[in-house]
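Shown next, in structure tokens, is the structure this report addresses.
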Amino acid sequence: MEKQWHDQIRKEILGLDLKVPLCDGTRRPYLNLDNAATTPPLVAVVQAIQSFLPWYSSVHRGFGYKSQLSTAVYQEARRLVLDFFAAPAQQYIALFVKNTSEALNKLAKRLDLGAGEVLTTWMEHHSNDLPWRLKNQTQHLELTAEGCLDLADLETKLKKARPRIKLVTVCGASNVTGIVNPLQTIAELAHHYGAQIAVDAAQLAPHHPLKIQSSGAEHLDYLCLSGHKIYAPFGSGVLIGPHETFRVGTPDQVGGGTVIAVSREEVVFAPPPDRDEVGTPNPIGAVALAAALRWLAKNDLPRLAAYEAELSEYAFDRLKTIPGLILYGPPPQHYPRIGVIAFNLEGFPHGLVAAFLAFEAGIGVRHGCFCARPYVHHLLGLSKAEIVSYENLAKAGKKCLLPGMVRISFGFYNTKSEFDLLVDALRTLQSEEEKIKNRYRIDPVTGEYLPKAGNFKDALMRHTKTFFNF
Ligand SMILES: Cc1ncc(COP(=O)(O)O)c(C=O)c1O
């Protein structure tokens, strides 16, 4: 039953049967273990777009039928997004943006906190750290030795800075360890001390049910995510927040669509959402995102999440059996995590592990610091002096010597047997260490490991050109 269900689920993802070239000239089915970076599209999303495309026209900028239809479809997508996250439309507005980074930058610019402070954390992706650091007085919540948020520090900081901290902003799940943060507790504490809470749901929303409001639970104030991480890669993301935040102030970007009156003397901005959606909207992206959310709701997201949790435990346990493999963060049996696992293999640079998996096993992973350098530094246990010297190397463009990790991350369509392939590949890497190391050279500029034999980049360029051969 479970197998039948999962076989069916796999058919809902586009491109799982594609083979990729390996450095020995053979081809293998691509195994995508890099879903935290971006997920493949759902077939349902592509179908929704294909059915809409012949009707596609400008949104808010025409009176022809197609234009009116496109505008209505765009607004319906907005309603469906609010609905999925249980955000009441009387209180909350969903703004379409490019991605999570744009959403957080917009929020940082649009939230008028006066002299108030922001509390973010040392676990964040740079996109939920830098926009705040540049705009407001910002504090960072500390981490436990294992890499979880230190909730005692949260209360201490909120109490000490009361009432200066106006916003607590935190990821729903880490893009490095997959740790799921206790949003309820954080929201309760934030509200108790007079702050609002913003959730960067880029990693959590695709893998876990998430509600802005539900009975008996503390509400969330802001939430944002990226379509491309939730099976809808068509250039859209969303920022959800209370109407009143976006009803006032100057939009972060101004121009067409953001105004209701403009004369030589005066500019009057439109109410939300128009005030904060500059230029011609992207209804394709909006349809894609809403279709993906509909699909997740109809296909029992809690069941998909439970399946991913089981996969995560299996993967963690299997990786533990590899000698010399260092895992980061608490095991999923001890702390809630989504299927994101970062590791290092003793004796192997992280870049070489990723290159070997890509070029010799057809497995896609990511390596490095995952745009979360302070968090990765903490997990690696680097001293202040080490961090300074590594960041100096980075500033000097010496990428090949930088510390980091290998990250695997999965979606509901991945299987246990795929993890077995990964584990087999890592064991081969260990058992044929010298031979394999000799097959690679390091590019001194990019820091990438590339096979010495053949010319991978030329072959990649030939493939690239096929998409433009009309
Ligand atoms: C937790 C988290 N926040 C923000 C981002 C930024 O997302 P995007 O690149 O779609 O703007 C990412 C991307 O990996 C992420 O994992």
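Each chain in the structure tokens gets a letter, A, B, ..., in the order shown, and its residues are numbered from 1; ligands are numbered from 1 in order too.
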
Legend entry - Distance filter 8 Å around ligand 1, atoms: only C-alpha atoms and all ligand atoms, out as a count of residues only: 33

Excluding region 2-19 of chain A and any residue of its chain fewer than 4 positions from it, enumerate the residues within 8 Å of it, using only C-alpha atoms, and give them as a short mmCIF file (atom, residue, chain, number, x, y, z; two decimals) with C-alpha atoms, in the first residue's frame.
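Generated file (out_5.cif):
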data_model
loop_
_atom_site.label_atom_id
_atom_site.label_comp_id
_atom_site.auth_asym_id
_atom_site.auth_seq_id
_atom_site.Cartn_x
_atom_site.Cartn_y
_atom_site.Cartn_z
CA ARG A 27 24.97 8.07 -18.13
CA ARG A 28 22.98 7.48 -14.94
CA PRO A 29 19.55 8.48 -13.65
CA TYR A 30 19.99 11.76 -11.81
CA LEU A 31 19.53 11.54 -8.08
CA PRO A 40 11.91 19.98 -9.21
CA PRO A 41 8.50 21.08 -10.54
CA LEU A 42 5.30 19.22 -9.86
CA VAL A 43 3.60 17.95 -13.01
CA ALA A 44 0.37 19.53 -11.69
CA TYR A 413 9.52 11.89 -3.74
CA ASN A 414 12.93 10.56 -2.62
#

Inset, instruction - Within 8 Å of region 51-56 of chain A, counting only C-alpha atoms, which residues show up once you throw out same-chain ones fewer than 6 positions away? Write them as an MDAnalysis selection string, please. - result: chainID A and resid 66:67 69:70 284

Selection to disk with N, CA and C atoms, as a PDB file, in the first residue's frame:
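Final file, again-v2.pdb:
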ATOM      1  N   LYS A  66      -8.877  38.715 -21.896  1.00  0.00           N
ATOM      2  CA  LYS A  66      -7.723  37.961 -21.368  1.00  0.00           C
ATOM      3  C   LYS A  66      -7.061  38.724 -20.216  1.00  0.00           C
ATOM      4  N   SER A  67      -7.028  40.018 -20.351  1.00  0.00           N
ATOM      5  CA  SER A  67      -6.414  40.817 -19.306  1.00  0.00           C
ATOM      6  C   SER A  67      -7.259  40.752 -18.029  1.00  0.00           C
ATOM      7  N   LEU A  69      -9.232  38.328 -17.226  1.00  0.00           N
ATOM      8  CA  LEU A  69      -9.108  36.969 -16.687  1.00  0.00           C
ATOM      9  C   LEU A  69      -7.766  36.811 -15.947  1.00  0.00           C
ATOM     10  N   SER A  70      -6.706  37.307 -16.565  1.00  0.00           N
ATOM     11  CA  SER A  70      -5.386  37.174 -15.926  1.00  0.00           C
ATOM     12  C   SER A  70      -5.372  37.883 -14.580  1.00  0.00           C
ATOM     13  N   ILE A 284       2.161  34.064 -13.927  1.00  0.00           N
ATOM     14  CA  ILE A 284       2.606  32.668 -14.119  1.00  0.00           C
ATOM     15  C   ILE A 284       3.191  32.137 -12.805  1.00  0.00           C
TER      16      ILE A 284
END

Legend entry - Picked from region 36-140 of chain A by DSSP as alpha helix (DSSP H), as a ChimeraX atom specification: /A:43-52,65-84,100-110,130-135

Per residue of region 52-156 of chain A within 9 Å of region 286-297 of chain A, note the shortest atom pair and the distance in Å to one decimal, counting only C-alpha atoms, and order the rows by chain and increasing residue number, as CSV.
residue,atom,partner,partner_atom,distance
A:Phe52,CA,A:Val287,CA,8.3
A:Val73,CA,A:Val287,CA,7.4
A:Tyr74,CA,A:Ala286,CA,6.3
A:Gln75,CA,A:Ala286,CA,8.9
A:Glu76,CA,A:Ala290,CA,8.6
A:Ala77,CA,A:Ala290,CA,5.2
A:Arg78,CA,A:Ala286,CA,7.4
A:Arg79,CA,A:Ala290,CA,8.7
A:Leu80,CA,A:Ala290,CA,6.0
A:Val81,CA,A:Ala290,CA,5.8
A:Phe84,CA,A:Leu293,CA,6.7
A:Phe96,CA,A:Ala286,CA,7.1

Skip Ala270 (chain A) itself and residues of its chain fewer than 6 positions away, then list as an mmCIF file with N, CA and C atoms, in the first residue's frame all residues within 12 Å of it, counting only C-alpha atoms.
data_model
loop_
_atom_site.group_PDB
_atom_site.id
_atom_site.type_symbol
_atom_site.label_atom_id
_atom_site.label_comp_id
_atom_site.auth_asym_id
_atom_site.auth_seq_id
_atom_site.Cartn_x
_atom_site.Cartn_y
_atom_site.Cartn_z
ATOM 1 N N PHE A 246 1.404 47.333 5.562
ATOM 2 C CA PHE A 246 1.658 47.714 4.169
ATOM 3 C C PHE A 246 0.704 48.817 3.689
ATOM 4 N N ARG A 247 -0.122 49.287 4.605
ATOM 5 C CA ARG A 247 -1.064 50.352 4.257
ATOM 6 C C ARG A 247 -0.382 51.713 4.341
ATOM 7 N N VAL A 248 0.685 51.773 5.114
ATOM 8 C CA VAL A 248 1.336 53.074 5.378
ATOM 9 C C VAL A 248 2.774 53.073 4.865
ATOM 10 N N GLY A 249 3.342 54.267 4.791
ATOM 11 C CA GLY A 249 4.766 54.388 4.449
ATOM 12 C C GLY A 249 5.007 54.337 2.954
ATOM 13 N N THR A 250 6.256 54.623 2.601
ATOM 14 C CA THR A 250 6.644 54.616 1.196
ATOM 15 C C THR A 250 7.063 53.201 0.812
ATOM 16 N N PRO A 251 6.549 52.702 -0.329
ATOM 17 C CA PRO A 251 6.976 51.354 -0.738
ATOM 18 C C PRO A 251 8.485 51.302 -0.972
ATOM 19 N N VAL A 254 9.248 52.026 -6.093
ATOM 20 C CA VAL A 254 8.103 52.819 -6.560
ATOM 21 C C VAL A 254 8.063 52.855 -8.074
ATOM 22 N N GLY A 255 6.880 53.117 -8.605
ATOM 23 C CA GLY A 255 6.715 53.186 -10.061
ATOM 24 C C GLY A 255 5.320 52.732 -10.422
ATOM 25 N N GLY A 256 5.167 52.233 -11.643
ATOM 26 C CA GLY A 256 3.853 51.828 -12.149
ATOM 27 C C GLY A 256 3.180 50.825 -11.232
ATOM 28 N N GLY A 257 1.887 51.025 -11.028
ATOM 29 C CA GLY A 257 1.107 50.057 -10.245
ATOM 30 C C GLY A 257 1.037 50.375 -8.768
ATOM 31 N N THR A 258 1.951 51.215 -8.268
ATOM 32 C CA THR A 258 2.013 51.423 -6.812
ATOM 33 C C THR A 258 1.227 52.656 -6.359
ATOM 34 N N VAL A 259 0.638 53.376 -7.314
ATOM 35 C CA VAL A 259 0.019 54.663 -6.975
ATOM 36 C C VAL A 259 -1.461 54.715 -7.369
ATOM 37 N N ILE A 260 -2.218 55.599 -6.664
ATOM 38 C CA ILE A 260 -3.596 55.848 -7.121
ATOM 39 C C ILE A 260 -3.715 57.251 -7.703
ATOM 40 N N ALA A 261 -2.793 58.141 -7.362
ATOM 41 C CA ALA A 261 -2.860 59.492 -7.920
ATOM 42 C C ALA A 261 -1.447 60.041 -8.068
ATOM 43 N N VAL A 262 -1.187 60.623 -9.238
ATOM 44 C CA VAL A 262 0.119 61.273 -9.467
ATOM 45 C C VAL A 262 -0.126 62.540 -10.272
ATOM 46 N N ASP A 276 2.763 47.640 -2.841
ATOM 47 C CA ASP A 276 4.032 46.913 -2.679
ATOM 48 C C ASP A 276 4.325 45.917 -3.792
ATOM 49 N N GLU A 277 3.636 46.053 -4.917
ATOM 50 C CA GLU A 277 3.957 45.168 -6.056
ATOM 51 C C GLU A 277 4.238 46.042 -7.269
ATOM 52 N N VAL A 278 5.461 46.515 -7.349
ATOM 53 C CA VAL A 278 5.806 47.474 -8.400
ATOM 54 C C VAL A 278 5.888 46.800 -9.779
#

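For the pair CA of Leu223 (chain A) and CA of Gly241 (chain A), the separation is 6.8 Å.
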
Inset, instruction - Run DSSP on the backbone and grab whatever in region 179-420 of chain A lands in strand (DSSP E or B); send it over as a ChimeraX atom specification. - result: /A:179-180,196-200,222-226,237-242,259-262,267-269,325-327,337,340-345,363-364,366-368,405-409

I need the residues from that last selection saved to file as a short mmCIF file (atom, residue, chain, number, x, y, z; two decimals), in the first residue's frame (with N, CA and C atoms), if you can.
data_model
loop_
_atom_site.label_atom_id
_atom_site.label_comp_id
_atom_site.auth_asym_id
_atom_site.auth_seq_id
_atom_site.Cartn_x
_atom_site.Cartn_y
_atom_site.Cartn_z
N ILE A 179 16.98 21.58 11.31
CA ILE A 179 16.33 21.71 12.64
C ILE A 179 15.07 22.56 12.52
N VAL A 180 13.97 22.04 13.08
CA VAL A 180 12.70 22.76 13.05
C VAL A 180 12.58 23.54 14.36
N GLN A 196 6.71 41.46 17.56
CA GLN A 196 6.04 40.62 16.56
C GLN A 196 7.00 39.50 16.15
N ILE A 197 6.46 38.52 15.42
CA ILE A 197 7.34 37.44 14.95
C ILE A 197 7.22 37.29 13.44
N ALA A 198 8.38 37.18 12.78
CA ALA A 198 8.42 36.90 11.34
C ALA A 198 9.07 35.53 11.16
N VAL A 199 8.49 34.73 10.27
CA VAL A 199 9.05 33.40 10.03
C VAL A 199 9.54 33.27 8.59
N ASP A 200 10.82 32.96 8.46
CA ASP A 200 11.38 32.62 7.15
C ASP A 200 11.05 31.14 6.93
N TYR A 222 4.33 37.50 10.40
CA TYR A 222 4.81 37.55 9.02
C TYR A 222 5.35 36.17 8.63
N LEU A 223 5.20 35.87 7.36
CA LEU A 223 5.68 34.58 6.88
C LEU A 223 6.12 34.75 5.42
N CYS A 224 7.22 34.14 5.05
CA CYS A 224 7.61 34.25 3.63
C CYS A 224 8.23 32.94 3.15
N LEU A 225 8.15 32.75 1.85
CA LEU A 225 8.71 31.53 1.24
C LEU A 225 8.96 31.75 -0.24
N SER A 226 9.65 30.77 -0.86
CA SER A 226 10.00 30.83 -2.29
C SER A 226 9.28 29.73 -3.04
N GLY A 237 7.59 34.23 -5.17
CA GLY A 237 7.63 33.91 -3.74
C GLY A 237 6.52 34.72 -3.12
N VAL A 238 6.39 34.62 -1.80
CA VAL A 238 5.31 35.37 -1.17
C VAL A 238 5.74 35.90 0.18
N LEU A 239 5.20 37.06 0.50
CA LEU A 239 5.37 37.65 1.84
C LEU A 239 3.96 37.88 2.37
N ILE A 240 3.66 37.27 3.52
CA ILE A 240 2.34 37.45 4.14
C ILE A 240 2.52 38.29 5.41
N GLY A 241 1.64 39.24 5.59
CA GLY A 241 1.71 40.05 6.81
C GLY A 241 0.41 40.82 7.00
N PRO A 242 0.28 41.52 8.13
CA PRO A 242 -0.96 42.27 8.39
C PRO A 242 -1.12 43.43 7.41
N VAL A 259 0.64 53.38 -7.31
CA VAL A 259 0.02 54.66 -6.98
C VAL A 259 -1.46 54.71 -7.37
N ILE A 260 -2.22 55.60 -6.66
CA ILE A 260 -3.60 55.85 -7.12
C ILE A 260 -3.71 57.25 -7.70
N ALA A 261 -2.79 58.14 -7.36
CA ALA A 261 -2.86 59.49 -7.92
C ALA A 261 -1.45 60.04 -8.07
N VAL A 262 -1.19 60.62 -9.24
CA VAL A 262 0.12 61.27 -9.47
C VAL A 262 -0.13 62.54 -10.27
N VAL A 267 2.11 62.73 -5.12
CA VAL A 267 2.08 61.27 -5.35
C VAL A 267 1.28 60.64 -4.21
N VAL A 268 0.26 59.86 -4.56
CA VAL A 268 -0.50 59.17 -3.51
C VAL A 268 -0.41 57.67 -3.78
N PHE A 269 0.14 56.96 -2.81
CA PHE A 269 0.32 55.52 -3.01
C PHE A 269 -0.98 54.74 -2.82
N LEU A 325 32.53 9.67 9.23
CA LEU A 325 31.54 10.64 8.74
C LEU A 325 31.01 11.45 9.92
N ILE A 326 31.15 12.75 9.83
CA ILE A 326 30.73 13.64 10.93
C ILE A 326 29.39 14.26 10.57
N LEU A 327 28.41 14.07 11.45
CA LEU A 327 27.08 14.65 11.22
C LEU A 327 26.90 15.86 12.12
N ARG A 337 13.41 17.63 12.92
CA ARG A 337 14.20 18.12 11.78
C ARG A 337 13.44 17.79 10.50
N VAL A 340 17.07 17.62 5.91
CA VAL A 340 18.29 18.32 5.49
C VAL A 340 19.40 17.83 6.41
N ILE A 341 20.44 17.26 5.82
CA ILE A 341 21.52 16.68 6.64
C ILE A 341 22.86 17.18 6.12
N ALA A 342 23.63 17.80 7.02
CA ALA A 342 24.97 18.28 6.64
C ALA A 342 26.01 17.37 7.27
N PHE A 343 27.07 17.08 6.51
CA PHE A 343 28.12 16.20 7.06
C PHE A 343 29.48 16.54 6.46
N ASN A 344 30.50 15.98 7.06
CA ASN A 344 31.84 15.98 6.48
C ASN A 344 32.39 14.57 6.55
N LEU A 345 33.29 14.28 5.63
CA LEU A 345 33.92 12.96 5.61
C LEU A 345 35.40 13.18 5.89
N ILE A 363 24.85 12.03 -8.48
CA ILE A 363 24.07 12.49 -7.33
C ILE A 363 24.32 13.99 -7.13
N GLY A 364 23.26 14.76 -7.08
CA GLY A 364 23.38 16.21 -6.89
C GLY A 364 23.24 16.58 -5.43
N ARG A 366 24.83 19.78 -2.37
CA ARG A 366 25.47 21.08 -2.30
C ARG A 366 26.58 21.01 -1.26
N HIS A 367 27.60 21.86 -1.43
CA HIS A 367 28.66 21.90 -0.42
C HIS A 367 29.06 23.34 -0.18
N GLY A 368 29.71 23.59 0.95
CA GLY A 368 30.16 24.94 1.28
C GLY A 368 29.53 25.39 2.57
N MET A 405 30.79 22.15 4.48
CA MET A 405 30.19 20.83 4.71
C MET A 405 29.56 20.36 3.40
N VAL A 406 29.14 19.11 3.40
CA VAL A 406 28.35 18.59 2.30
C VAL A 406 26.91 18.52 2.82
N ARG A 407 25.95 18.91 1.99
CA ARG A 407 24.56 18.88 2.44
C ARG A 407 23.71 18.02 1.51
N ILE A 408 22.98 17.09 2.11
CA ILE A 408 21.96 16.39 1.32
C ILE A 408 20.60 16.84 1.85
N SER A 409 19.65 16.90 0.95
CA SER A 409 18.32 17.35 1.37
C SER A 409 17.31 16.70 0.45
#

Legend entry - d(CA of Ala425 (chain A), CA of Leu357 (chain A)) in Å: 7.0 Å

If we count only C-alpha atoms, what is near Ser417 (chain A) at a cut-off of 12 Å, once residues fewer than 3 positions away on the same chain are taken out, given as a PDB file with N, CA and C atoms, in the first residue's frame?
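Listed below is the output, around.pdb:
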ATOM      1  N   LEU A  31      20.097  11.635  -9.425  1.00  0.00           N
ATOM      2  CA  LEU A  31      19.529  11.538  -8.079  1.00  0.00           C
ATOM      3  C   LEU A  31      19.661  12.908  -7.420  1.00  0.00           C
ATOM      4  N   LEU A 311      12.074   9.008   6.352  1.00  0.00           N
ATOM      5  CA  LEU A 311      13.234   8.978   5.450  1.00  0.00           C
ATOM      6  C   LEU A 311      14.452   9.629   6.113  1.00  0.00           C
ATOM      7  N   TYR A 314      15.958   7.355   8.685  1.00  0.00           N
ATOM      8  CA  TYR A 314      16.662   6.270   7.984  1.00  0.00           C
ATOM      9  C   TYR A 314      18.016   6.785   7.466  1.00  0.00           C
ATOM     10  N   ALA A 315      17.979   7.939   6.817  1.00  0.00           N
ATOM     11  CA  ALA A 315      19.208   8.494   6.223  1.00  0.00           C
ATOM     12  C   ALA A 315      20.245   8.772   7.310  1.00  0.00           C
ATOM     13  N   ARG A 318      21.735   5.521   8.558  1.00  0.00           N
ATOM     14  CA  ARG A 318      22.632   4.882   7.591  1.00  0.00           C
ATOM     15  C   ARG A 318      23.956   5.657   7.502  1.00  0.00           C
ATOM     16  N   TYR A 413       9.433  12.865  -2.636  1.00  0.00           N
ATOM     17  CA  TYR A 413       9.522  11.894  -3.737  1.00  0.00           C
ATOM     18  C   TYR A 413      10.776  11.020  -3.632  1.00  0.00           C
ATOM     19  N   ASN A 414      11.711  11.376  -2.753  1.00  0.00           N
ATOM     20  CA  ASN A 414      12.929  10.556  -2.617  1.00  0.00           C
ATOM     21  C   ASN A 414      12.610   9.248  -1.897  1.00  0.00           C
ATOM     22  N   ASP A 420      20.492   4.593  -0.158  1.00  0.00           N
ATOM     23  CA  ASP A 420      21.452   3.488  -0.183  1.00  0.00           C
ATOM     24  C   ASP A 420      22.497   3.743  -1.268  1.00  0.00           C
ATOM     25  N   LEU A 421      22.066   4.326  -2.393  1.00  0.00           N
ATOM     26  CA  LEU A 421      23.019   4.641  -3.464  1.00  0.00           C
ATOM     27  C   LEU A 421      24.047   5.656  -2.976  1.00  0.00           C
ATOM     28  N   LEU A 422      23.567   6.630  -2.226  1.00  0.00           N
ATOM     29  CA  LEU A 422      24.480   7.643  -1.682  1.00  0.00           C
ATOM     30  C   LEU A 422      25.493   7.000  -0.739  1.00  0.00           C
ATOM     31  N   VAL A 423      24.993   6.148   0.140  1.00  0.00           N
ATOM     32  CA  VAL A 423      25.874   5.508   1.120  1.00  0.00           C
ATOM     33  C   VAL A 423      26.911   4.630   0.392  1.00  0.00           C
ATOM     34  N   ASP A 424      26.468   3.892  -0.614  1.00  0.00           N
ATOM     35  CA  ASP A 424      27.399   3.059  -1.398  1.00  0.00           C
ATOM     36  C   ASP A 424      28.479   3.930  -2.037  1.00  0.00           C
TER      37      ASP A 424
END

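With only C-alpha atoms as the atoms that count, the minimum distance from Leu107 (chain A) to the choices A:Gln47, A:Thr280, A:Thr156, A:Thr245 is reached by A:Thr245.
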
Inset, instruction - Rank nothing, just name the residue among A:Tyr307, A:Lys211, A:Pro302, A:Glu391 nearest to Ala87 (chain A), using only C-alpha atoms. - result: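 Looking only at the distances to Ala87 (chain A), the closest residue turns out to be A:Lys211.
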
Legend entry - Separation of CA of Pro349 (chain A) from CA of Leu382 (chain A), in Å and rounded to one decimal: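 Separation between CA of Pro349 (chain A) and CA of Leu382 (chain A): 16.2 Å.
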